[in-house]
file my_file.txt (compact mmCIF, C-alpha atoms)
# COMPACT_ATOMS: atom_id res chain seq x y z
CA MET A 1 20.43 -0.45 -13.67
CA ARG A 2 23.14 -2.40 -11.83
CA THR A 3 24.11 -2.03 -8.18
CA LYS A 4 26.90 -3.11 -5.89
CA ILE A 5 24.64 -3.07 -2.84
CA LYS A 6 24.91 -6.79 -2.09
CA GLU A 7 28.70 -6.78 -2.36
CA LEU A 8 29.09 -3.68 -0.15
CA ARG A 9 26.45 -4.89 2.29
CA LEU A 10 28.29 -8.17 2.86
CA LYS A 11 31.57 -6.26 3.15
CA ASN A 12 30.00 -4.17 5.94
CA ASN A 13 28.54 -7.28 7.63
CA LEU A 14 24.98 -6.07 7.21
CA THR A 15 21.87 -8.14 6.63
CA GLN A 16 19.14 -6.98 4.25
CA ASP A 17 16.92 -6.37 7.25
CA ALA A 18 19.55 -4.25 9.03
CA LEU A 19 20.19 -2.15 5.92
CA ALA A 20 16.43 -1.72 5.43
CA LYS A 21 16.10 -0.43 9.00
CA MET A 22 19.05 1.94 8.55
CA VAL A 23 17.50 3.60 5.50
CA ASN A 24 13.91 3.22 6.75
CA VAL A 25 12.44 1.06 3.98
CA ARG A 26 10.92 -2.42 3.75
CA ARG A 27 13.30 -5.37 3.41
CA GLU A 28 11.76 -6.25 0.04
CA THR A 29 12.75 -2.82 -1.28
CA ILE A 30 16.38 -3.72 -0.53
CA VAL A 31 15.85 -7.07 -2.32
CA PHE A 32 14.57 -5.31 -5.47
CA LEU A 33 17.36 -2.70 -5.23
CA GLU A 34 19.99 -5.46 -5.10
CA GLN A 35 18.41 -7.13 -8.13
CA GLY A 36 18.45 -3.79 -9.98
CA LYS A 37 14.68 -4.00 -10.47
CA TYR A 38 13.78 -0.86 -8.54
CA ASN A 39 14.86 2.65 -9.50
CA PRO A 40 15.31 4.48 -6.19
CA SER A 41 14.82 8.19 -5.57
CA LEU A 42 17.96 10.30 -5.25
CA LYS A 43 17.38 10.52 -1.49
CA LEU A 44 17.12 6.76 -1.04
CA ALA A 45 20.14 6.16 -3.27
CA ASN A 46 22.11 8.65 -1.17
CA ASP A 47 20.91 7.06 2.10
CA VAL A 48 21.88 3.57 0.90
CA ALA A 49 25.30 4.76 -0.25
CA LYS A 50 25.88 6.48 3.12
CA ALA A 51 24.76 3.39 5.05
CA LEU A 52 27.23 1.33 3.02
CA LYS A 53 29.98 3.92 3.67
CA SER A 54 30.33 4.62 -0.01
CA LYS A 55 29.29 7.12 -2.70
CA ILE A 56 26.30 6.97 -5.03
CA ASP A 57 28.38 6.53 -8.18
CA LYS A 58 30.22 3.61 -6.57
CA VAL A 59 26.96 1.85 -5.65
CA PHE A 60 24.55 2.51 -8.55
CA PHE A 61 25.41 2.12 -12.23
CA PHE A 62 23.07 3.27 -14.98
CA ASP A 63 23.98 1.56 -18.26
CA MET B 1 -5.00 8.43 26.10
CA LEU B 2 -3.96 7.10 22.74
CA GLU B 3 -0.31 7.15 21.87
CA ILE B 4 0.38 7.95 18.26
CA ASN B 5 3.95 7.72 17.05
CA ASN B 6 5.13 9.81 14.14
CA THR B 7 7.40 7.69 11.99
CA SER B 8 10.44 9.26 10.43
CA ASN B 9 9.03 8.75 6.92
CA GLY B 10 6.06 10.99 7.62
CA GLY B 11 3.39 8.38 8.29
CA ILE B 12 1.40 8.01 11.49
CA LEU B 13 1.66 4.63 13.13
CA MET B 14 -0.56 3.60 16.03
CA ASP B 15 0.20 0.60 18.20
CA GLY B 16 -1.41 -2.50 16.64
CA LYS B 17 -2.88 -3.80 19.88
CA LYS B 18 -4.56 -0.46 20.67
CA LEU B 19 -5.99 -0.25 17.17
CA PHE B 20 -7.28 -3.82 17.52
CA ASN B 21 -8.95 -2.96 20.86
CA ILE B 22 -10.51 0.20 19.40
CA GLY B 23 -11.78 -1.97 16.56
CA ILE B 24 -13.48 -4.37 18.96
CA PHE B 25 -15.02 -1.47 20.89
CA LEU B 26 -16.33 0.26 17.74
CA THR B 27 -17.70 -2.99 16.28
CA PHE B 28 -19.76 -3.71 19.39
CA LEU B 29 -20.74 -0.05 19.78
CA GLY B 30 -22.01 -0.04 16.20
CA LEU B 31 -23.91 -3.28 16.70
CA GLY B 32 -25.42 -1.93 19.92
CA LEU B 33 -26.49 1.27 18.21
CA GLN B 34 -28.05 -0.72 15.39
CA ILE B 35 -30.15 -2.62 17.91
CA LEU B 36 -31.03 0.41 20.05
CA LEU B 37 -31.59 2.90 17.24
CA SER B 38 -33.04 0.46 14.74
CA GLU B 39 -36.23 2.49 14.39
CA ILE B 40 -34.37 5.79 13.96
CA ASN B 41 -31.29 5.10 11.89
CA VAL B 42 -29.58 1.81 11.06
CA VAL B 43 -26.99 3.46 8.80
CA PHE B 44 -25.23 5.29 11.67
CA GLY B 45 -24.63 2.07 13.63
CA SER B 46 -23.51 0.14 10.57
CA ILE B 47 -20.97 2.84 9.64
CA ILE B 48 -19.46 2.64 13.14
CA SER B 49 -19.32 -1.16 13.12
CA THR B 50 -17.78 -1.15 9.62
CA MET B 51 -15.10 1.26 10.87
CA GLY B 52 -14.59 -1.06 13.84
CA ILE B 53 -14.10 -4.09 11.59
CA ILE B 54 -11.56 -2.18 9.44
CA PHE B 55 -9.61 -1.10 12.56
CA LEU B 56 -9.81 -4.65 13.90
CA ILE B 57 -8.34 -6.18 10.73
CA ARG B 58 -5.64 -3.51 10.40
CA GLY B 59 -4.73 -3.80 14.08
CA HIS B 60 -4.42 -7.57 13.72
CA LEU B 61 -2.20 -7.22 10.63
CA MET B 62 -0.02 -4.63 12.40
CA GLN B 63 0.54 -7.06 15.26
CA LYS B 64 1.08 -10.09 13.05
CA ASN B 65 3.25 -8.60 10.31
CA PRO B 66 4.28 -4.96 10.86
CA GLU B 67 6.66 -5.15 7.87
CA LYS B 68 3.72 -5.58 5.47
CA ILE B 69 1.94 -2.53 6.88
CA LYS B 70 5.01 -0.28 6.86
CA LYS B 71 5.05 2.18 3.98
CA ASP B 72 8.17 3.28 2.17
CA GLU B 73 8.83 5.19 -1.04
CA ARG B 74 8.45 2.06 -3.19
CA SER B 75 5.09 1.03 -1.72
CA ARG B 76 3.81 4.65 -1.96
CA LYS B 77 4.92 4.90 -5.59
CA ILE B 78 3.29 1.56 -6.44
CA GLY B 79 0.09 2.55 -4.62
CA ALA B 80 -0.13 5.87 -6.45
CA TRP B 81 0.48 4.33 -9.89
CA ALA B 82 -1.92 1.46 -9.23
CA ALA B 83 -4.60 3.99 -8.21
CA SER B 84 -4.11 6.04 -11.37
CA TYR B 85 -4.26 2.98 -13.65
CA SER B 86 -7.36 1.85 -11.75
CA TRP B 87 -9.04 5.27 -12.27
CA MET B 88 -8.17 5.18 -15.95
CA LEU B 89 -9.72 1.73 -16.40
CA THR B 90 -12.77 2.77 -14.39
CA ILE B 91 -13.34 5.73 -16.73
CA PHE B 92 -13.04 3.31 -19.64
CA ALA B 93 -15.57 0.99 -17.95
CA LEU B 94 -17.90 3.97 -17.43
CA MET B 95 -17.72 4.75 -21.13
CA ILE B 96 -18.64 1.14 -21.99
CA ILE B 97 -21.49 1.16 -19.45
CA PHE B 98 -22.79 4.43 -20.95
CA TRP B 99 -22.92 3.00 -24.48
CA ILE B 100 -24.46 -0.30 -23.30
CA ASP B 101 -27.16 1.71 -21.53
CA LYS B 102 -27.70 3.98 -24.55
CA LEU B 103 -27.68 1.37 -27.32
CA PHE B 104 -28.65 -2.03 -25.96
CA LEU B 105 -30.32 -2.28 -22.57
CA SER B 106 -31.28 0.13 -19.84
CA LEU B 107 -29.20 -0.46 -16.70
CA SER B 108 -30.34 0.20 -13.14
CA VAL B 109 -28.40 2.42 -10.74
CA GLU B 110 -27.46 -0.61 -8.61
CA VAL B 111 -25.90 -2.41 -11.57
CA VAL B 112 -23.90 0.67 -12.62
CA VAL B 113 -22.65 1.50 -9.10
CA GLY B 114 -21.89 -2.16 -8.37
CA GLY B 115 -20.06 -2.55 -11.69
CA ILE B 116 -17.94 0.55 -11.12
CA TYR B 117 -17.13 -0.56 -7.56
CA ILE B 118 -16.03 -4.01 -8.73
CA VAL B 119 -13.92 -2.64 -11.61
CA MET B 120 -12.24 -0.04 -9.40
CA VAL B 121 -11.36 -2.35 -6.51
CA THR B 122 -10.28 -5.35 -8.61
CA THR B 123 -8.08 -3.28 -10.96
CA LEU B 124 -6.48 -1.47 -7.99
CA LEU B 125 -5.68 -4.77 -6.27
CA PHE B 126 -4.47 -6.32 -9.52
CA TYR B 127 -2.07 -3.46 -10.34
CA LYS B 128 -0.77 -3.35 -6.76
CA TRP B 129 -0.06 -7.07 -6.91
CA TYR B 130 1.51 -6.81 -10.40
CA PHE B 131 3.80 -3.86 -9.57
CA ASN B 132 4.79 -5.44 -6.26
CA LYS B 133 5.74 -8.64 -8.09
CA LYS B 134 7.64 -6.68 -10.72
CA GLY B 135 9.47 -4.52 -8.17
CA ASP B 136 8.81 -1.16 -9.82
CA ILE B 137 6.22 0.53 -12.00
CA LEU B 138 8.17 0.46 -15.28

call {"tool": "encode", "arguments": {"input": "my_file.txt", "output": "structure tokens"}}
result
Amino acid sequence: MRTKIKELRLKNNLTQDALAKMVNVRRETIVFLEQGKYNPSLKLANDVAKALKSKIDKVFFFD
Amino acid sequence: MLEINNTSNGGILMDGKKLFNIGIFLTFLGLGLQILLSEINVVFGSIISTMGIIFLIRGHLMQKNPEKIKKDERSRKIGAWAASYSWMLTIFALMIIFWIDKLFLSLSVEVVVGGIYIVMVTTLLFYKWYFNKKGDIL
């Protein structure tokens, strides 16, 4: 799985900690999401996409 | 009165300092009961002081590093999978213990219970650490 979280997060001037607080997860969960190591639930994926003012299919890519 | 906050992710989070203070109170209460009721029942006092020590440690961790205590979907998923792997290995260990007892040497209850306890706790901690390091369960 690939993600554009880091790119969109920096575009929105958000830190990992701020994004983690917005979607109510630990900061390390955001770290693993950015690295594509963690497969999120549909709800979390949707919350992250919303927080980054984007859509799920523009943030997460399943090869 | 205790203030318990419901977190938005469904968990119940008590203030770390209050939990720490309750821990101190319960630890000393348990110790006091052990001294006072030593002739009647030592177990009751030791259960209370053990609870107190657990609250004390958790309260301290909540104050020191609340991020580590916070649960999210990833930590819950890892915890659940680590627990199921741990149960599976414990059943395997039970099977080995059964055959050792049946074929080679007779084991006492203390050895069996102690063995199961060690296998269960160590495998749970190992899998939690491993999945946390990996990021996910697969």

call {"tool": "closest_residue", "arguments": {"input": "my_file.txt", "among": "A:Phe61, A:Arg9, A:Ala20, A:Arg2", "to": "A:Leu44", "atoms": "only C-alpha atoms"}}
result
A:Ala20

call {"tool": "interface_residues", "arguments": {"input": "my_file.txt", "of": "chain A", "to": "chain B", "cutoff": "12 Å", "atoms": "only C-alpha atoms", "output": "mmCIF file with C-alpha atoms, keeping the file's coordinate frame"}}
result
data_model
loop_
_atom_site.group_PDB
_atom_site.id
_atom_site.type_symbol
_atom_site.label_atom_id
_atom_site.label_comp_id
_atom_site.auth_asym_id
_atom_site.auth_seq_id
_atom_site.Cartn_x
_atom_site.Cartn_y
_atom_site.Cartn_z
ATOM 1 C CA ASP A 17 16.920 -6.370 7.250
ATOM 2 C CA ALA A 20 16.430 -1.720 5.430
ATOM 3 C CA LYS A 21 16.100 -0.430 9.000
ATOM 4 C CA MET A 22 19.050 1.940 8.550
ATOM 5 C CA VAL A 23 17.500 3.600 5.500
ATOM 6 C CA ASN A 24 13.910 3.220 6.750
ATOM 7 C CA VAL A 25 12.440 1.060 3.980
ATOM 8 C CA ARG A 26 10.920 -2.420 3.750
ATOM 9 C CA ARG A 27 13.300 -5.370 3.410
ATOM 10 C CA GLU A 28 11.760 -6.250 0.040
ATOM 11 C CA THR A 29 12.750 -2.820 -1.280
ATOM 12 C CA ILE A 30 16.380 -3.720 -0.530
ATOM 13 C CA VAL A 31 15.850 -7.070 -2.320
ATOM 14 C CA PHE A 32 14.570 -5.310 -5.470
ATOM 15 C CA LEU A 33 17.360 -2.700 -5.230
ATOM 16 C CA GLU A 34 19.990 -5.460 -5.100
ATOM 17 C CA GLN A 35 18.410 -7.130 -8.130
ATOM 18 C CA GLY A 36 18.450 -3.790 -9.980
ATOM 19 C CA LYS A 37 14.680 -4.000 -10.470
ATOM 20 C CA TYR A 38 13.780 -0.860 -8.540
ATOM 21 C CA ASN A 39 14.860 2.650 -9.500
ATOM 22 C CA PRO A 40 15.310 4.480 -6.190
ATOM 23 C CA SER A 41 14.820 8.190 -5.570
ATOM 24 C CA LEU A 42 17.960 10.300 -5.250
ATOM 25 C CA LYS A 43 17.380 10.520 -1.490
ATOM 26 C CA LEU A 44 17.120 6.760 -1.040
ATOM 27 C CA ALA A 45 20.140 6.160 -3.270
#

call {"tool": "residues_around", "arguments": {"input": "my_file.txt", "residues": "A:Asn46", "least_positions_apart": "3", "cutoff": "12 Å", "atoms": "all atoms listed in the file", "output": "list of chain:residue names"}}
result
A:Val23, A:Pro40, A:Ser41, A:Leu42, A:Lys43, A:Ala49, A:Lys50, A:Ala51, A:Leu52, A:Lys53, A:Ser54, A:Lys55, A:Ile56, A:Asp57, A:Lys58, A:Val59, A:Phe60

call {"tool": "atom_distance", "arguments": {"input": "my_file.txt", "atom1": "atom CA of A:Asp63", "atom2": "atom CA of A:Glu7"}}
result
18.6 Å

call {"tool": "atom_distance", "arguments": {"input": "my_file.txt", "atom1": "atom CA of B:Phe20", "atom2": "atom CA of B:Leu37"}}
result
25.2 Å

call {"tool": "atom_distance", "arguments": {"input": "my_file.txt", "atom1": "atom CA of B:Ser49", "atom2": "atom CA of B:Asn21"}}
result
13.1 Å

call {"tool": "axis_aligned_box", "arguments": {"input": "my_file.txt", "around": "stretch 21-37 of chain A", "padding_each_side": "6 Å", "output": "AutoDock Vina command-line options"}}
result
--center_x 15.5 --center_y -1.8 --center_z -0.7 --size_x 21.1 --size_y 22.7 --size_z 31.5

call {"tool": "residues_around", "arguments": {"input": "my_file.txt", "residues": "stretch 54-61 of chain B", "least_positions_apart": "5", "cutoff": "8 Å", "atoms": "only C-alpha atoms", "output": "NGL selection string"}}
result
:B and (15-24 or 66 or 69)

call {"tool": "closest_residue", "arguments": {"input": "my_file.txt", "among": "B:Phe28, B:Tyr117, B:Phe126, B:Phe44", "to": "B:Thr90", "atoms": "only C-alpha atoms"}}
result
B:Tyr117

call {"tool": "residues_around", "arguments": {"input": "my_file.txt", "residues": "stretch 83-85 of chain B", "least_positions_apart": "3", "cutoff": "6 Å", "atoms": "all atoms listed in the file", "output": "PyMOL selection string"}}
result
chain B and resi 80+88+124

call {"tool": "build_atoms", "arguments": {"input": "my_file.txt", "residues": "stretch 2-20 of chain A", "atoms": "N, CA, C and O atoms", "output": "PDB file, keeping the file's coordinate frame"}}
result
ATOM      1  N   ARG A   2      22.398  -1.410 -12.619  1.00  0.00           N
ATOM      2  CA  ARG A   2      23.140  -2.400 -11.830  1.00  0.00           C
ATOM      3  C   ARG A   2      23.530  -1.765 -10.496  1.00  0.00           C
ATOM      4  O   ARG A   2      23.700  -0.548 -10.429  1.00  0.00           O
ATOM      5  N   THR A   3      23.675  -2.576  -9.474  1.00  0.00           N
ATOM      6  CA  THR A   3      24.110  -2.030  -8.180  1.00  0.00           C
ATOM      7  C   THR A   3      25.174  -2.932  -7.551  1.00  0.00           C
ATOM      8  O   THR A   3      25.282  -4.107  -7.893  1.00  0.00           O
ATOM      9  N   LYS A   4      25.908  -2.336  -6.645  1.00  0.00           N
ATOM     10  CA  LYS A   4      26.900  -3.110  -5.890  1.00  0.00           C
ATOM     11  C   LYS A   4      26.471  -3.238  -4.441  1.00  0.00           C
ATOM     12  O   LYS A   4      27.295  -3.443  -3.553  1.00  0.00           O
ATOM     13  N   ILE A   5      25.161  -3.090  -4.218  1.00  0.00           N
ATOM     14  CA  ILE A   5      24.640  -3.070  -2.840  1.00  0.00           C
ATOM     15  C   ILE A   5      24.983  -4.370  -2.101  1.00  0.00           C
ATOM     16  O   ILE A   5      25.481  -4.327  -0.981  1.00  0.00           O
ATOM     17  N   LYS A   6      24.706  -5.497  -2.761  1.00  0.00           N
ATOM     18  CA  LYS A   6      24.910  -6.790  -2.090  1.00  0.00           C
ATOM     19  C   LYS A   6      26.376  -6.954  -1.659  1.00  0.00           C
ATOM     20  O   LYS A   6      26.667  -7.311  -0.518  1.00  0.00           O
ATOM     21  N   GLU A   7      27.265  -6.641  -2.611  1.00  0.00           N
ATOM     22  CA  GLU A   7      28.700  -6.780  -2.360  1.00  0.00           C
ATOM     23  C   GLU A   7      29.138  -5.892  -1.176  1.00  0.00           C
ATOM     24  O   GLU A   7      29.794  -6.358  -0.244  1.00  0.00           O
ATOM     25  N   LEU A   8      28.709  -4.626  -1.215  1.00  0.00           N
ATOM     26  CA  LEU A   8      29.090  -3.680  -0.150  1.00  0.00           C
ATOM     27  C   LEU A   8      28.399  -4.010   1.175  1.00  0.00           C
ATOM     28  O   LEU A   8      28.977  -3.820   2.242  1.00  0.00           O
ATOM     29  N   ARG A   9      27.186  -4.522   1.076  1.00  0.00           N
ATOM     30  CA  ARG A   9      26.450  -4.890   2.290  1.00  0.00           C
ATOM     31  C   ARG A   9      27.159  -6.034   3.023  1.00  0.00           C
ATOM     32  O   ARG A   9      27.341  -5.982   4.245  1.00  0.00           O
ATOM     33  N   LEU A  10      27.588  -7.034   2.255  1.00  0.00           N
ATOM     34  CA  LEU A  10      28.290  -8.170   2.860  1.00  0.00           C
ATOM     35  C   LEU A  10      29.650  -7.743   3.411  1.00  0.00           C
ATOM     36  O   LEU A  10      30.092  -8.224   4.444  1.00  0.00           O
ATOM     37  N   LYS A  11      30.278  -6.786   2.702  1.00  0.00           N
ATOM     38  CA  LYS A  11      31.570  -6.260   3.150  1.00  0.00           C
ATOM     39  C   LYS A  11      31.424  -5.550   4.506  1.00  0.00           C
ATOM     40  O   LYS A  11      32.317  -5.589   5.340  1.00  0.00           O
ATOM     41  N   ASN A  12      30.278  -4.903   4.691  1.00  0.00           N
ATOM     42  CA  ASN A  12      30.000  -4.170   5.940  1.00  0.00           C
ATOM     43  C   ASN A  12      29.301  -5.034   6.991  1.00  0.00           C
ATOM     44  O   ASN A  12      28.841  -4.508   8.006  1.00  0.00           O
ATOM     45  N   ASN A  13      29.214  -6.332   6.718  1.00  0.00           N
ATOM     46  CA  ASN A  13      28.540  -7.280   7.630  1.00  0.00           C
ATOM     47  C   ASN A  13      27.120  -6.870   7.996  1.00  0.00           C
ATOM     48  O   ASN A  13      26.716  -6.874   9.156  1.00  0.00           O
ATOM     49  N   LEU A  14      26.366  -6.490   6.982  1.00  0.00           N
ATOM     50  CA  LEU A  14      24.980  -6.070   7.210  1.00  0.00           C
ATOM     51  C   LEU A  14      24.026  -7.071   6.571  1.00  0.00           C
ATOM     52  O   LEU A  14      24.306  -7.581   5.489  1.00  0.00           O
ATOM     53  N   THR A  15      22.913  -7.311   7.245  1.00  0.00           N
ATOM     54  CA  THR A  15      21.870  -8.140   6.630  1.00  0.00           C
ATOM     55  C   THR A  15      20.941  -7.203   5.855  1.00  0.00           C
ATOM     56  O   THR A  15      20.983  -5.979   6.047  1.00  0.00           O
ATOM     57  N   GLN A  16      20.104  -7.791   5.000  1.00  0.00           N
ATOM     58  CA  GLN A  16      19.140  -6.980   4.250  1.00  0.00           C
ATOM     59  C   GLN A  16      18.203  -6.236   5.200  1.00  0.00           C
ATOM     60  O   GLN A  16      17.866  -5.082   4.996  1.00  0.00           O
ATOM     61  N   ASP A  17      17.823  -6.936   6.254  1.00  0.00           N
ATOM     62  CA  ASP A  17      16.920  -6.370   7.250  1.00  0.00           C
ATOM     63  C   ASP A  17      17.568  -5.175   7.967  1.00  0.00           C
ATOM     64  O   ASP A  17      16.932  -4.127   8.160  1.00  0.00           O
ATOM     65  N   ALA A  18      18.841  -5.337   8.327  1.00  0.00           N
ATOM     66  CA  ALA A  18      19.550  -4.250   9.030  1.00  0.00           C
ATOM     67  C   ALA A  18      19.697  -3.031   8.135  1.00  0.00           C
ATOM     68  O   ALA A  18      19.464  -1.894   8.582  1.00  0.00           O
ATOM     69  N   LEU A  19      20.042  -3.276   6.869  1.00  0.00           N
ATOM     70  CA  LEU A  19      20.190  -2.150   5.920  1.00  0.00           C
ATOM     71  C   LEU A  19      18.831  -1.462   5.709  1.00  0.00           C
ATOM     72  O   LEU A  19      18.758  -0.229   5.671  1.00  0.00           O
ATOM     73  N   ALA A  20      17.783  -2.280   5.611  1.00  0.00           N
ATOM     74  CA  ALA A  20      16.430  -1.720   5.430  1.00  0.00           C
ATOM     75  C   ALA A  20      16.059  -0.813   6.598  1.00  0.00           C
ATOM     76  O   ALA A  20      15.496   0.269   6.411  1.00  0.00           O
TER      77      ALA A  20
END
